[in-house]
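Notes follow the structure.
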Amino acid sequence: MKKEKKLSQKLRNWHRDLGYFVIGITIIYSLTGIMLTLRDLHIFEKEYVTIEKIDATKKIENEIKNKFKEKIETLKVIENSDKYIKYQASKKEGKKVLTYFKDTNEAKLITVDYPPYIKPFIQAHKSKSKDKWSYLALAYSTILLFLAISAIFMVKGKYGFKKRGIYLTLGGVLLVVVFLYI
């Protein structure tokens with residue numbers, strides 16, 4: 001007959017198995033977190049250029065909207081010279097800039113964005129409650145919470161939570177609080 005496992009042994013087994021399970025998720029979340037933290041430097045983003053010929057006999061802004069309807073969100077004039085008209089074509093400044101060249105009737109859209117192989121991971125990291133990714137984010141957060149709490153009860157002795165662990169835990173909390181207010 002099998003001996004009944006103690007709660008501490010069950011916690012250790014769950015902790016181990018869930019820990020292995022979240023390694024892949026943690027790697028992806030940490031890499032996308034680094035990318036998002038450094039997003040103002042634009043080091044992971046690329047420039048994409050689209051050029052379209054514009055019919056000058058029609059109203060220019062309407063023609064631009066028709067040609068780029070899938071790619072632009074808005075058109076706001078940011079510069080108007082004798083040679084060109086420059087528009088902000090997205091709600092975020094600098095993300096999409098469209099330049100209409102008056103002499104050639106060409107419109108050039110420059111989009112700064114993450115490459116297609118990175119973008120889905122960034123969107124998953126920034127998920128909202130209505131996104132399909134929110135279920136993964138909630139499950140991941142719950143597992144991380146379990147791992148943190150179960151770790152409190154796993155280690156005994158001089159390296160246990162009551163001796164050394166409580167100070168390290170408080171240090172982690174204090175670090176977050178300090179960064180919130182500096």
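Letters A, B, ... go to the chains of the structure tokens in the order shown; residues in each chain start at 1; ligands are counted from 1 in the same order.
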
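For segment 2-94 of chain A, backbone-based DSSP assignment of strand (DSSP E) covers Lys46, Glu47, Tyr48, Val49, Thr50, Ile51, Glu52, Lys53, Lys76, Val77, Ile78, Glu79, Asn80, Tyr84, Ile85, Lys86, Tyr87 and Gln88 of chain A.
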
ask   = DSSP says alpha helix (DSSP H) for which residues of chain A? Put them as a ChimeraX atom specification?
value = /A:7-21,23-37,60-67,119-125,133-154,166-181

inquiry  = Taking 6 positions as the minimum chain separation for residues in the same chain, which residues sit within 10 Å of Phe153 of chain A when counting only C-alpha atoms? Answer as number ranges by chain.
reply    = A: 8, 11-12, 160-162

Residues from last step as file, C-alpha atoms, as an mmCIF file, in the first residue's frame:
data_model
loop_
_atom_site.group_PDB
_atom_site.id
_atom_site.type_symbol
_atom_site.label_atom_id
_atom_site.label_comp_id
_atom_site.auth_asym_id
_atom_site.auth_seq_id
_atom_site.Cartn_x
_atom_site.Cartn_y
_atom_site.Cartn_z
ATOM 1 C CA SER A 8 4.912 19.720 2.192
ATOM 2 C CA LEU A 11 3.767 21.398 -2.393
ATOM 3 C CA ARG A 12 7.333 20.591 -3.417
ATOM 4 C CA GLY A 160 14.358 29.244 5.644
ATOM 5 C CA PHE A 161 11.771 31.988 5.436
ATOM 6 C CA LYS A 162 11.697 32.737 9.167
#

ask   = Please, what distance in Å, to one decimal, runs between atom CA of Ser127 of chain A and atom CA of Leu98 of chain A?
value = 28.5 Å

Non-local contacts of Phe68 of chain A (9 Å; only C-alpha atoms; under 3 positions in same chain excluded) as number ranges by chain = A: 50, 52, 63-65, 71-72, 109

task = Would you mind telling me which residue in A:Asp40, A:Glu70, A:Asp103, A:Glu93 lies nearest to Ala56 of chain A when using only C-alpha atoms?
result = A:Asp103

ask   = For Lys46 of chain A, which residue among A:Lys128, A:Lys119, A:Lys86, A:Lys91 is the nearest when counting only C-alpha atoms?
value =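 Closest to Lys46 of chain A of all the choices is A:Lys119.
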
query = Between A:Leu7, A:Ala137, A:Leu145, A:Ile54, which one has atoms that come closest to Gln123 of chain A, using only C-alpha atoms?
reply = A:Ala137

Contacts of Tyr87 of chain A at 9 Å (only C-alpha atoms; same-chain gap of 6+ positions) as a count of residues only = 12

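Using only C-alpha atoms, the nearest neighbour of Glu106 of chain A within the list A:Ile152, A:Lys158, A:Ile85, A:Ala124 is A:Ile85.
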